[in-house]
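Text of input_21.txt (compact mmCIF, C-alpha atoms) as supplied:
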# COMPACT_ATOMS: atom_id res chain seq x y z
CA MET A 1 220.46 104.85 -7.84
CA LYS A 2 219.93 107.15 -10.80
CA ILE A 3 216.39 106.95 -12.20
CA LEU A 4 214.97 108.55 -15.34
CA LEU A 5 211.18 109.06 -15.52
CA SER A 6 209.33 109.89 -18.73
CA ALA A 7 206.28 111.97 -17.75
CA TYR A 8 204.57 113.74 -20.64
CA PHE A 9 201.98 114.86 -18.08
CA CYS A 10 203.52 116.21 -14.87
CA GLU A 11 202.13 119.11 -12.87
CA PRO A 12 201.83 119.86 -9.14
CA GLY A 13 198.45 120.32 -7.52
CA LYS A 14 196.58 118.32 -10.14
CA GLY A 15 194.80 115.00 -10.25
CA SER A 16 194.54 112.56 -13.14
CA GLU A 17 197.68 111.94 -15.24
CA GLU A 18 199.29 115.26 -14.26
CA GLY A 19 199.10 114.13 -10.64
CA VAL A 20 200.50 110.69 -11.48
CA GLY A 21 203.56 112.28 -13.08
CA TRP A 22 204.19 114.80 -10.32
CA ASN A 23 203.63 112.55 -7.31
CA THR A 24 205.66 109.73 -8.85
CA ALA A 25 208.57 112.14 -9.31
CA ILE A 26 208.34 113.46 -5.73
CA GLU A 27 208.18 110.01 -4.17
CA THR A 28 210.96 108.55 -6.33
CA ALA A 29 213.29 111.42 -5.38
CA LYS A 30 212.91 110.54 -1.69
CA TYR A 31 214.95 107.38 -2.30
CA HIS A 32 216.91 107.81 -5.53
CA GLU A 33 218.44 110.53 -7.68
CA THR A 34 215.63 111.29 -10.12
CA TRP A 35 215.53 112.96 -13.51
CA VAL A 36 212.12 113.69 -15.06
CA LEU A 37 211.61 114.19 -18.77
CA THR A 38 208.54 116.35 -19.42
CA ARG A 39 207.13 119.13 -21.61
CA SER A 40 208.22 122.75 -21.33
CA GLU A 41 204.65 123.91 -20.78
CA ASN A 42 204.82 122.25 -17.34
CA ARG A 43 207.94 124.21 -16.40
CA LEU A 44 206.39 127.30 -14.79
CA SER A 45 204.15 125.43 -12.36
CA ILE A 46 206.89 122.90 -11.53
CA GLU A 47 209.57 125.50 -10.83
CA SER A 48 207.16 127.66 -8.84
CA GLU A 49 206.33 124.70 -6.62
CA LEU A 50 209.98 123.68 -6.21
CA ALA A 51 210.89 127.26 -5.28
CA ARG A 52 208.40 127.02 -2.41
CA ASN A 53 209.17 123.41 -1.51
CA PRO A 54 212.60 122.28 -2.76
CA VAL A 55 213.06 118.55 -3.37
CA PRO A 56 216.65 117.28 -3.14
CA GLN A 57 217.70 114.71 -5.75
CA LEU A 58 215.00 115.83 -8.20
CA TYR A 59 215.93 117.28 -11.60
CA PHE A 60 213.76 118.16 -14.58
CA VAL A 61 214.59 117.98 -18.28
CA TYR A 62 212.18 119.99 -20.44
CA PHE A 63 211.72 119.76 -24.17
CA ASP A 64 209.05 120.45 -26.77
CA LEU A 65 208.43 119.52 -30.34
CA PRO A 66 208.85 122.19 -33.04
CA PHE A 67 206.35 125.04 -32.71
CA TRP A 68 204.36 123.98 -35.78
CA THR A 69 203.20 120.83 -33.98
CA SER A 70 201.69 122.72 -31.03
CA LYS A 71 198.23 122.78 -32.58
CA TRP A 72 198.15 118.97 -32.39
CA GLU A 73 198.03 119.15 -28.61
CA TYR A 74 194.43 120.27 -28.68
CA GLY A 75 191.65 117.72 -28.77
CA GLN A 76 191.71 114.08 -27.74
CA ARG A 77 192.97 112.72 -31.07
CA GLY A 78 195.43 115.59 -31.56
CA ILE A 79 197.16 115.08 -28.26
CA GLN A 80 197.58 111.37 -29.02
CA PHE A 81 199.51 112.19 -32.20
CA HIS A 82 201.49 114.94 -30.44
CA TYR A 83 202.48 112.49 -27.71
CA TYR A 84 203.56 109.90 -30.27
CA LEU A 85 205.91 112.39 -31.95
CA TRP A 86 207.10 113.60 -28.54
CA GLN A 87 208.10 110.05 -27.68
CA LEU A 88 210.09 109.68 -30.90
CA TRP A 89 211.93 112.92 -30.19
CA ALA A 90 212.44 112.00 -26.52
CA TYR A 91 214.80 109.17 -27.38
CA PHE A 92 217.23 111.56 -29.07
CA VAL A 93 217.00 113.98 -26.11
CA VAL A 94 217.77 111.41 -23.41
CA ARG A 95 220.37 109.32 -25.26
CA PRO A 96 223.19 111.89 -24.77
CA LEU A 97 221.90 112.53 -21.24
CA HIS A 98 222.18 108.81 -20.46
CA LYS A 99 225.76 108.76 -21.78
CA LYS A 100 226.60 111.62 -19.44
CA ILE A 101 224.76 110.47 -16.29
CA GLY A 102 224.48 106.69 -16.67
CA PHE A 103 220.95 105.89 -15.51
CA ASP A 104 220.47 102.68 -13.57
CA LEU A 105 216.82 102.36 -14.56
CA THR A 106 214.33 104.15 -16.82
CA ARG A 107 210.59 104.25 -16.32
CA HIS A 108 207.57 105.36 -18.32
CA VAL A 109 204.96 107.11 -16.15
CA THR A 110 202.48 108.97 -18.41
CA PHE A 111 200.55 108.52 -20.83
CA VAL A 112 198.81 105.74 -18.93
CA ARG A 113 197.85 103.88 -22.14
CA TYR A 114 199.26 100.51 -23.07
CA TRP A 115 198.91 101.07 -26.83
CA SER A 116 201.22 104.11 -26.84
CA PRO A 117 204.99 103.53 -27.08
CA SER A 118 207.73 104.71 -24.75
CA LEU A 119 210.95 104.97 -26.71
CA ILE A 120 213.19 105.42 -23.70
CA SER A 121 212.77 101.64 -23.46
CA PHE A 122 215.32 101.47 -26.29
CA LEU A 123 218.11 102.79 -24.04
CA ASP A 124 220.51 100.19 -22.69
CA THR A 125 219.03 100.19 -19.17
CA PRO A 126 216.44 98.13 -17.32
CA PHE A 127 213.04 99.59 -18.20
CA LEU A 128 209.87 99.73 -16.08
CA TRP A 129 206.72 100.39 -18.13
CA GLY A 130 203.76 101.78 -16.30
CA PRO A 131 201.39 101.95 -14.79
CA VAL A 132 199.66 101.52 -18.13
CA GLY A 133 195.95 101.05 -18.65
CA GLY A 134 193.33 101.38 -21.33
CA GLY A 135 192.59 97.69 -21.80
CA GLU A 136 189.08 98.16 -20.43
CA SER A 137 186.07 98.18 -22.77
CA ALA A 138 182.41 99.11 -22.39
CA PRO A 139 180.45 95.83 -22.53
CA LYS A 140 178.85 95.53 -25.98
CA ALA A 141 175.36 95.20 -24.48
CA PHE A 142 175.63 98.81 -23.28
CA TRP A 143 176.36 100.23 -26.74
CA VAL A 144 172.61 100.26 -27.47
CA ASP A 145 172.22 103.43 -25.38
CA PHE A 146 175.14 105.26 -26.97
CA SER A 147 174.58 108.05 -29.44
CA LEU A 148 175.93 107.61 -32.97
CA ARG A 149 178.90 109.71 -31.88
CA GLY A 150 179.46 107.43 -28.89
CA LYS A 151 179.35 104.29 -31.03
CA ILE A 152 181.81 105.82 -33.50
CA TYR A 153 184.09 106.74 -30.57
CA GLU A 154 184.09 103.18 -29.20
CA THR A 155 184.67 101.68 -32.65
CA PHE A 156 187.52 104.10 -33.31
CA ARG A 157 188.99 103.38 -29.87
CA ASP A 158 189.00 99.64 -30.60
CA LEU A 159 190.70 100.33 -33.93
CA VAL A 160 193.35 102.57 -32.34
CA ARG A 161 194.11 99.92 -29.74
CA TRP A 162 194.45 97.25 -32.44
CA ILE A 163 196.80 99.47 -34.43
CA GLY A 164 198.80 100.22 -31.27
CA GLU A 165 199.11 96.54 -30.41
CA HIS A 166 200.67 95.98 -33.87
CA ASP A 167 202.80 99.14 -33.91
CA PRO A 168 206.49 98.10 -34.01
CA PHE A 169 207.40 100.81 -31.48
CA VAL A 170 204.71 99.63 -29.04
CA LYS A 171 205.68 95.99 -29.58
CA GLY A 172 209.30 97.03 -29.04
CA THR A 173 208.34 98.76 -25.79
CA ALA A 174 206.59 95.60 -24.60
CA GLU A 175 209.49 93.36 -25.59
CA ARG A 176 212.15 95.58 -24.01
CA SER A 177 210.27 96.10 -20.74
CA THR A 178 212.02 94.46 -17.82
CA PHE A 179 208.84 94.77 -15.76
CA VAL A 180 205.35 96.13 -16.49
CA LEU A 181 202.73 97.63 -14.17
CA ALA A 182 199.14 97.22 -15.43
CA THR A 183 196.33 99.23 -13.86
CA THR A 184 193.67 96.52 -14.25
CA GLN A 185 193.28 92.86 -15.10
CA ASP A 186 191.78 93.79 -18.48
CA THR A 187 194.96 95.64 -19.42
CA ALA A 188 197.14 92.84 -18.05
CA ASN A 189 195.35 90.34 -20.29
CA ARG A 190 196.02 92.46 -23.39
CA LEU A 191 199.66 92.93 -22.43
CA ARG A 192 200.14 89.18 -22.05
CA LEU A 193 198.79 88.71 -25.58
CA MET A 194 201.52 91.15 -26.70
CA GLY A 195 204.16 88.90 -25.14
CA VAL A 196 204.68 90.62 -21.78
CA LYS A 197 205.57 88.07 -19.10
CA ASN A 198 206.79 90.02 -16.08
CA LEU A 199 203.91 92.17 -14.92
CA GLN A 200 201.94 93.11 -11.86
CA ILE A 201 198.52 94.68 -11.31
CA PHE A 202 199.26 98.11 -9.90
CA PRO A 203 196.67 100.94 -9.71
CA GLU A 204 197.68 104.32 -11.12
CA THR A 205 195.62 106.23 -8.56
CA ALA A 206 196.70 107.38 -5.12
CA LEU A 207 196.37 110.46 -2.93
CA PRO A 208 198.96 112.49 -0.98
CA GLN A 209 198.78 112.09 2.79
CA LYS A 210 197.95 115.77 3.28
CA GLU A 211 194.97 115.50 0.93
CA ILE A 212 193.74 112.35 2.65
CA GLU A 213 193.84 114.16 5.98
CA ASN A 214 191.95 117.10 4.50
CA LEU A 215 189.24 114.87 3.02
CA ALA A 216 188.98 112.91 6.29
CA SER A 217 188.12 116.17 8.05
CA PHE A 218 184.92 116.59 6.02
CA PRO A 219 181.97 116.21 8.40
CA ILE A 220 179.08 114.05 7.28
CA SER A 221 176.23 116.30 6.22
CA GLU A 222 173.46 116.48 8.81
CA SER A 223 170.97 117.74 6.25
CA SER A 224 167.64 115.92 6.19
CA THR A 225 168.06 115.78 2.40
CA ILE A 226 169.99 112.67 1.33
CA ARG A 227 172.16 113.60 -1.63
CA PHE A 228 173.83 111.37 -4.21
CA ILE A 229 176.60 112.92 -6.28
CA SER A 230 178.48 112.08 -9.48
CA MET A 231 181.56 113.95 -10.67
CA GLY A 232 183.23 113.67 -14.06
CA ARG A 233 183.07 114.55 -17.72
CA PHE A 234 179.68 114.11 -19.36
CA LEU A 235 180.74 111.44 -21.86
CA HIS A 236 178.78 108.42 -23.02
CA TRP A 237 181.14 105.92 -21.40
CA LYS A 238 180.91 107.59 -18.01
CA GLY A 239 177.47 105.95 -17.72
CA PHE A 240 175.60 108.86 -16.13
CA HIS A 241 172.55 108.05 -18.26
CA LEU A 242 172.40 104.76 -16.31
CA SER A 243 172.53 106.39 -12.89
CA VAL A 244 169.95 109.04 -13.86
CA ARG A 245 167.55 106.30 -14.98
CA ALA A 246 168.30 104.38 -11.78
CA PHE A 247 167.50 107.41 -9.63
CA ALA A 248 164.17 107.84 -11.44
CA GLN A 249 163.36 104.14 -11.06
CA ALA A 250 164.38 103.80 -7.41
CA ASN A 251 161.76 103.86 -4.67
CA LEU A 252 163.42 106.70 -2.76
CA PRO A 253 162.13 108.97 -0.02
CA ASP A 254 161.05 112.44 -1.15
CA ASN A 255 164.06 113.96 0.63
CA CYS A 256 166.58 112.55 -1.89
CA GLU A 257 168.47 114.52 -4.52
CA TYR A 258 171.04 113.68 -7.17
CA TRP A 259 173.75 116.18 -8.15
CA LEU A 260 175.92 115.76 -11.26
CA LEU A 261 179.07 117.88 -11.59
CA GLY A 262 180.81 118.20 -14.93
CA GLU A 263 180.62 119.23 -18.56
CA GLY A 264 180.87 117.39 -21.85
CA GLY A 265 179.20 116.35 -25.06
CA GLU A 266 176.45 114.37 -23.32
CA ARG A 267 175.12 117.27 -21.25
CA GLU A 268 172.18 118.05 -23.54
CA ARG A 269 171.17 114.39 -23.75
CA LEU A 270 171.34 114.09 -19.96
CA GLN A 271 169.25 117.24 -19.51
CA ASN A 272 166.65 115.93 -21.95
CA LEU A 273 166.61 112.55 -20.19
CA ILE A 274 166.08 114.20 -16.79
CA GLU A 275 163.15 116.21 -18.14
CA GLU A 276 161.69 113.18 -19.93
CA LEU A 277 161.78 111.18 -16.68
CA GLY A 278 160.12 114.02 -14.76
CA ILE A 279 162.85 114.36 -12.13
CA SER A 280 164.09 117.89 -12.86
CA SER A 281 163.20 119.09 -9.37
CA ARG A 282 165.45 116.46 -7.74
CA VAL A 283 168.31 115.99 -10.23
CA LYS A 284 170.66 118.93 -10.82
CA LEU A 285 173.34 119.39 -13.45
CA LEU A 286 175.71 121.77 -11.68
CA GLY A 287 178.31 122.18 -14.43
CA LYS A 288 182.07 122.06 -14.11
CA LEU A 289 183.35 123.63 -10.89
CA PRO A 290 186.85 124.46 -9.60
CA ARG A 291 188.35 121.69 -7.52
CA ASP A 292 187.76 123.40 -4.16
CA LYS A 293 184.09 123.99 -4.97
CA SER A 294 183.71 120.42 -6.27
CA LEU A 295 185.03 119.09 -2.97
CA GLN A 296 182.65 121.41 -1.13
CA LYS A 297 179.76 119.81 -3.04
CA LEU A 298 181.11 116.36 -2.14
CA GLN A 299 181.10 117.44 1.50
CA GLU A 300 177.40 118.32 1.23
CA CYS A 301 176.53 114.85 -0.12
CA HIS A 302 176.23 111.39 1.37
CA VAL A 303 176.97 108.87 -1.41
CA LEU A 304 179.11 108.93 -4.58
CA VAL A 305 177.65 107.26 -7.68
CA HIS A 306 180.27 106.35 -10.32
CA PRO A 307 178.72 104.25 -13.13
CA SER A 308 181.70 104.39 -15.53
CA LEU A 309 181.83 101.69 -18.21
CA HIS A 310 185.61 101.78 -18.75
CA ASP A 311 187.92 103.59 -16.36
CA SER A 312 191.54 102.61 -15.71
CA GLY A 313 191.64 104.70 -12.55
CA GLY A 314 188.81 106.42 -10.77
CA TRP A 315 190.28 109.32 -8.77
CA VAL A 316 186.90 110.52 -7.59
CA CYS A 317 186.20 107.15 -5.98
CA LEU A 318 189.33 107.48 -3.85
CA GLU A 319 188.43 111.06 -2.92
CA ALA A 320 184.94 110.01 -1.86
CA MET A 321 186.27 107.07 0.15
CA ALA A 322 188.84 109.31 1.85
CA ALA A 323 186.00 111.69 2.72
CA GLY A 324 184.05 108.84 4.33
CA ARG A 325 181.40 108.57 1.63
CA PRO A 326 180.34 105.12 0.38
CA VAL A 327 180.61 104.51 -3.36
CA ILE A 328 178.15 102.91 -5.77
CA CYS A 329 179.95 101.84 -8.95
CA LEU A 330 179.90 99.30 -11.72
CA ASP A 331 182.18 96.33 -11.12
CA LEU A 332 184.43 97.30 -14.02
CA GLY A 333 187.99 98.60 -14.46
CA GLY A 334 189.79 100.61 -11.79
CA PRO A 335 186.74 101.51 -9.66
CA GLY A 336 185.76 97.85 -9.51
CA ALA A 337 189.17 97.10 -7.95
CA GLN A 338 189.22 100.11 -5.61
CA VAL A 339 185.77 99.64 -4.09
CA THR A 340 185.10 96.60 -1.91
CA ASP A 341 181.90 95.21 -0.36
CA GLU A 342 182.96 96.94 2.85
CA THR A 343 183.37 100.38 1.29
CA GLY A 344 180.46 100.52 -1.15
CA ILE A 345 178.19 98.60 -3.48
CA LYS A 346 179.54 97.21 -6.76
CA ILE A 347 177.08 96.49 -9.54
CA SER A 348 177.60 93.78 -12.17
CA ALA A 349 177.34 95.05 -15.74
CA HIS A 350 175.56 92.46 -17.89
CA THR A 351 172.84 94.55 -19.55
CA PRO A 352 171.67 98.17 -19.18
CA GLU A 353 168.33 97.05 -17.72
CA GLN A 354 169.99 94.84 -15.11
CA ALA A 355 172.57 97.51 -14.19
CA ILE A 356 169.92 100.23 -13.87
CA GLY A 357 167.79 98.01 -11.65
CA ASP A 358 170.72 97.09 -9.41
CA LEU A 359 171.90 100.72 -9.22
CA ALA A 360 168.38 101.71 -8.16
CA ARG A 361 168.33 99.10 -5.39
CA ALA A 362 171.75 100.22 -4.16
CA MET A 363 170.48 103.80 -3.96
CA GLU A 364 167.43 102.63 -2.00
CA VAL A 365 169.61 100.76 0.50
CA LEU A 366 172.02 103.62 1.16
CA ALA A 367 169.36 106.33 1.17
CA THR A 368 167.54 104.67 4.08
CA ASP A 369 170.38 103.17 6.14
CA ALA A 370 172.47 105.84 7.84
CA GLU A 371 174.34 103.26 9.93
CA ARG A 372 175.43 101.38 6.82
CA ARG A 373 176.55 104.60 5.16
CA SER A 374 178.65 105.42 8.21
CA ARG A 375 180.17 101.93 8.41
CA MET A 376 181.08 101.91 4.73
CA GLY A 377 182.46 105.43 4.94
CA LYS A 378 184.82 104.51 7.77
CA ALA A 379 185.94 101.36 5.94
CA GLY A 380 186.64 103.45 2.85
CA GLN A 381 188.82 105.85 4.81
CA GLN A 382 190.80 102.96 6.25
CA ARG A 383 191.25 101.36 2.81
CA VAL A 384 192.60 104.58 1.31
CA ARG A 385 195.02 105.08 4.20
CA GLU A 386 196.34 101.53 3.90
CA HIS A 387 196.54 101.08 0.13
CA TYR A 388 196.24 104.36 -1.75
CA THR A 389 198.70 106.90 -0.37
CA TRP A 390 201.47 108.21 -2.60
CA GLU A 391 203.88 107.83 0.30
CA SER A 392 203.33 104.06 0.65
CA ARG A 393 203.28 103.74 -3.15
CA GLY A 394 206.63 105.52 -3.41
CA LYS A 395 208.29 103.32 -0.82
CA LEU A 396 207.08 100.16 -2.54
CA LEU A 397 208.27 101.32 -5.96
CA ALA A 398 211.65 102.46 -4.61
CA GLN A 399 212.30 98.88 -3.53
CA THR A 400 210.93 97.59 -6.85
CA TYR A 401 213.54 99.68 -8.70
CA ILE A 402 216.28 98.10 -6.61
CA ASP A 403 214.95 94.58 -7.15
CA ILE A 404 214.80 95.07 -10.94
CA VAL A 405 218.33 96.43 -11.23
CA GLU A 406 219.80 93.93 -8.76
CA LYS A 407 218.35 91.02 -10.76
CA ILE A 408 220.00 92.22 -13.97
CA ASN A 409 223.20 93.75 -12.63
CA PRO A 410 223.82 93.14 -8.92
CA GLN A 411 227.02 95.18 -8.97
CA ARG A 412 225.03 98.35 -9.71
CA VAL A 413 223.07 98.14 -6.46
CA GLN A 414 224.56 98.97 -3.10
CA LEU A 415 222.03 97.12 -0.99
CA ASN A 416 223.25 98.28 2.38
CA GLN A 417 222.92 101.92 1.40
CA SER A 418 219.55 101.38 -0.27
CA ASN A 419 218.14 99.49 2.71
CA LYS A 420 219.24 102.33 4.98
CA TYR A 421 217.05 104.73 2.96
CA LEU A 422 214.12 102.34 2.84
CA SER A 423 214.13 101.28 6.50
Represent the structure from my file as structure tokens, please.
Amino acid sequence: MKILLSAYFCEPGKGSEEGVGWNTAIETAKYHETWVLTRSENRLSIESELARNPVPQLYFVYFDLPFWTSKWEYGQRGIQFHYYLWQLWAYFVVRPLHKKIGFDLTRHVTFVRYWSPSLISFLDTPFLWGPVGGGESAPKAFWVDFSLRGKIYETFRDLVRWIGEHDPFVKGTAERSTFVLATTQDTANRLRLMGVKNLQIFPETALPQKEIENLASFPISESSTIRFISMGRFLHWKGFHLSVRAFAQANLPDNCEYWLLGEGGERERLQNLIEELGISSRVKLLGKLPRDKSLQKLQECHVLVHPSLHDSGGWVCLEAMAAGRPVICLDLGGPGAQVTDETGIKISAHTPEQAIGDLARAMEVLATDAERRSRMGKAGQQRVREHYTWESRGKLLAQTYIDIVEKINPQRVQLNQSNKYLS
């Protein structure tokens, strides 16, 4: 079939939303003719990669907004507005393209936010929306530890979501969606309130097979020092203040350390908290490192701690599991769905005091039980191989495209030919 993907973010060799866009395009093109609508700033890296590794059936359509809007791309709020305008413009770019090519199905891939519209849904084709997320919220009991800036952020985020849910373009996207993929149950619940009926829980995160094999090759550190590690932006909702307090509270052997990799607005508060708790000699803020060096640090550690209060995905959890490291996380959002009792320890999030205490006990258990760490690490590797590869994700979605189109217009689907590709 002929598939059109809208991928505002799309770049090879990246994680997060850039990786979602790129890997979705690569996997879709294995089974169907695929056109990808994306920004011109992604063009150089995309064409460089395709020159090295050509992908048959994959075509890119680049466009940008007028130059005077480029400044809106910078900053979290600015990029939201830039994306919104990009989506409005996108409809007028793809409409003549659709008349020329005749797409069998269109799909929104990135932004992965349910309150942002996708105007390609207004073309006269079946439309697949997602994966979309963002329905997760930090439990109100945890707001007490947020800075004034953090509380303003959460309040503003709630307001933006409410506005998005009542935006006619977003409501139109929901109403015109033939099928919707929601990253978490929280997002699915919000989508149902918007009138979406045909949806499925479908994680946004996955890893390429080659990367899984690379991570699986990481030996478990034989150092006598047991190291916990957290990786991510230093933001209030990432919850690192909880894990730092838990490390200080835990009854851990003297040979334990905690490394935090990242940068962000909460760095100074974290540094002050570490000094206040008297754990500066054992807790290190290592800053933001290039990806290869970050993975090297992961290789030197034994357990990933990911206390995020609202995450749709959780790429670092998959990377740690693929590397055979157990994960300690809060039982919220994407990480709460990725991690099982066999692959790590999930902590309920009722109050900060309860969560800190339970995080501390989880650290105590894994710091002193090498056999359990090994067992959980192996289970994590198996779970990633079975459920979180882009290759298996692509095959599943290729069949989903066929099922959607066949249900609406059976004549457009040549099942024998499609099944040949998918067998």
Neighbours of A:Pro290 within 12 Å (all atoms listed in the file; same-chain residues fewer than 5 positions away dropped), as a short mmCIF file (atom, residue, chain, number, x, y, z; two decimals) with C-alpha atoms, keeping the file's coordinate frame?
data_model
loop_
_atom_site.label_atom_id
_atom_site.label_comp_id
_atom_site.auth_asym_id
_atom_site.auth_seq_id
_atom_site.Cartn_x
_atom_site.Cartn_y
_atom_site.Cartn_z
CA LYS A 14 196.58 118.32 -10.14
CA MET A 231 181.56 113.95 -10.67
CA LEU A 261 179.07 117.88 -11.59
CA GLY A 262 180.81 118.20 -14.93
CA LEU A 295 185.03 119.09 -2.97
CA GLN A 296 182.65 121.41 -1.13
CA LYS A 297 179.76 119.81 -3.04
#
(message) What's the separation between atom CA of A:Asp403 and atom CA of A:Gly195, in Å to one decimal place?
(response)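 These atoms are spaced 21.7 Å apart.
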(request) Write out as a PyMOL selection string the residues lying within 9 Å of A:Val132, counting only C-alpha atoms and excluding same-chain residues fewer than 6 positions away. (result) chain A and resi 108-115+180-184+187+202-204+312
(request) May I ask for the distance between atom CA of A:Lys197 and atom CA of A:Glu175, given in Å to one decimal place? (result) 9.2 Å
(message) My list of candidates is A:Ser16, A:Gln209, A:Ser48, A:Thr106. Which is closest to A:Met1 when distances are computed with all atoms listed in the file?
(response) A:Thr106
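Using all atoms listed in the file, the smallest distance between any of A:Leu289, A:Ser224, A:Ile402, A:Glu211 and A:Arg385 comes from A:Glu211.
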(message) So that I can see what lies close to A:Ala248, please list as a VMD selection string the residues with an atom at most 7 Å from it, counting all atoms listed in the file and leaving out residues fewer than 3 positions away in the same chain.
(response) chain A and resid 244 to 245 277 279
(request) Can you work out which one of A:Leu191, A:Leu366, A:Leu332, A:Leu235 has the shortest atom-to-atom distance to A:Ile345, counting only C-alpha atoms? (result) A:Leu366
(request) Rank nothing, just name the residue among A:Arg161, A:Lys288, A:Arg269, A:Arg176 nearest to A:Phe146, using only C-alpha atoms. (result) A:Arg269
(message) If I take atom CA of A:Ala370 and atom CA of A:Ala349, how far is one from the other in Å, to one decimal?
(response)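 Atom-to-atom, atom CA of A:Ala370 and atom CA of A:Ala349 are spaced 26.4 Å apart.
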(request) Please tell me which residues are no farther than 8 Å from (192.6, 109.3, -8.6) in the file, counting all atoms listed in the file, and write them as a VMD selection string. (result) chain A and resid 15 to 16 204 to 207 313 to 319
Take every atom of stretch 212-230 of chain A listed in the file, pad by 4 Å on each side, and give me the axis-aligned box centre and edge lengths in Å, one decimal, as JSON.
{"center_x": 180.7, "center_y": 114.6, "center_z": -0.3, "size_x": 34.2, "size_y": 14.4, "size_z": 26.3}
Start from the incomplete input, build N, CA and C atoms for stretch 233-251 of chain A, and deliver everything as a JSON list (two decimals), in the frame of the given file.
[["chain", "number", "residue", "atom", "x", "y", "z"],
["A", 233, "ARG", "N", 183.45, 114.01, -16.42],
["A", 233, "ARG", "CA", 183.07, 114.55, -17.72],
["A", 233, "ARG", "C", 181.79, 113.87, -18.19],
["A", 234, "PHE", "N", 180.92, 114.66, -18.84],
["A", 234, "PHE", "CA", 179.68, 114.11, -19.36],
["A", 234, "PHE", "C", 179.96, 113.47, -20.72],
["A", 235, "LEU", "N", 180.44, 112.23, -20.67],
["A", 235, "LEU", "CA", 180.74, 111.44, -21.86],
["A", 235, "LEU", "C", 179.91, 110.16, -21.81],
["A", 236, "HIS", "N", 179.66, 109.58, -22.97],
["A", 236, "HIS", "CA", 178.78, 108.42, -23.02],
["A", 236, "HIS", "C", 179.29, 107.27, -22.15],
["A", 237, "TRP", "N", 180.61, 107.07, -22.12],
["A", 237, "TRP", "CA", 181.14, 105.92, -21.40],
["A", 237, "TRP", "C", 181.22, 106.13, -19.89],
["A", 238, "LYS", "N", 180.96, 107.34, -19.45],
["A", 238, "LYS", "CA", 180.91, 107.59, -18.01],
["A", 238, "LYS", "C", 179.64, 107.00, -17.38],
["A", 239, "GLY", "N", 178.63, 106.68, -18.21],
["A", 239, "GLY", "CA", 177.47, 105.95, -17.72],
["A", 239, "GLY", "C", 176.47, 106.74, -16.91],
["A", 240, "PHE", "N", 176.53, 108.08, -16.95],
["A", 240, "PHE", "CA", 175.60, 108.86, -16.13],
["A", 240, "PHE", "C", 174.15, 108.69, -16.56],
["A", 241, "HIS", "N", 173.92, 108.33, -17.82],
["A", 241, "HIS", "CA", 172.55, 108.05, -18.26],
["A", 241, "HIS", "C", 171.99, 106.85, -17.50],
["A", 242, "LEU", "N", 172.84, 105.92, -17.09],
["A", 242, "LEU", "CA", 172.40, 104.76, -16.31],
["A", 242, "LEU", "C", 171.99, 105.17, -14.90],
["A", 243, "SER", "N", 172.83, 106.00, -14.27],
["A", 243, "SER", "CA", 172.53, 106.39, -12.89],
["A", 243, "SER", "C", 171.33, 107.33, -12.81],
["A", 244, "VAL", "N", 171.13, 108.17, -13.83],
["A", 244, "VAL", "CA", 169.95, 109.04, -13.86],
["A", 244, "VAL", "C", 168.68, 108.19, -13.97],
["A", 245, "ARG", "N", 168.71, 107.20, -14.86],
["A", 245, "ARG", "CA", 167.55, 106.30, -14.98],
["A", 245, "ARG", "C", 167.33, 105.52, -13.68],
["A", 246, "ALA", "N", 168.42, 105.12, -13.04],
["A", 246, "ALA", "CA", 168.30, 104.38, -11.78],
["A", 246, "ALA", "C", 167.67, 105.24, -10.70],
["A", 247, "PHE", "N", 168.08, 106.51, -10.63],
["A", 247, "PHE", "CA", 167.50, 107.41, -9.63],
["A", 247, "PHE", "C", 166.00, 107.57, -9.86],
["A", 248, "ALA", "N", 165.60, 107.69, -11.12],
["A", 248, "ALA", "CA", 164.17, 107.84, -11.44],
["A", 248, "ALA", "C", 163.40, 106.57, -11.11],
["A", 249, "GLN", "N", 164.03, 105.42, -11.28],
["A", 249, "GLN", "CA", 163.36, 104.14, -11.06],
["A", 249, "GLN", "C", 163.31, 103.75, -9.59],
["A", 250, "ALA", "N", 164.28, 104.21, -8.81],
["A", 250, "ALA", "CA", 164.38, 103.80, -7.41],
["A", 250, "ALA", "C", 163.20, 104.30, -6.59],
["A", 251, "ASN", "N", 162.82, 103.48, -5.62],
["A", 251, "ASN", "CA", 161.76, 103.86, -4.67],
["A", 251, "ASN", "C", 162.41, 104.60, -3.51]]
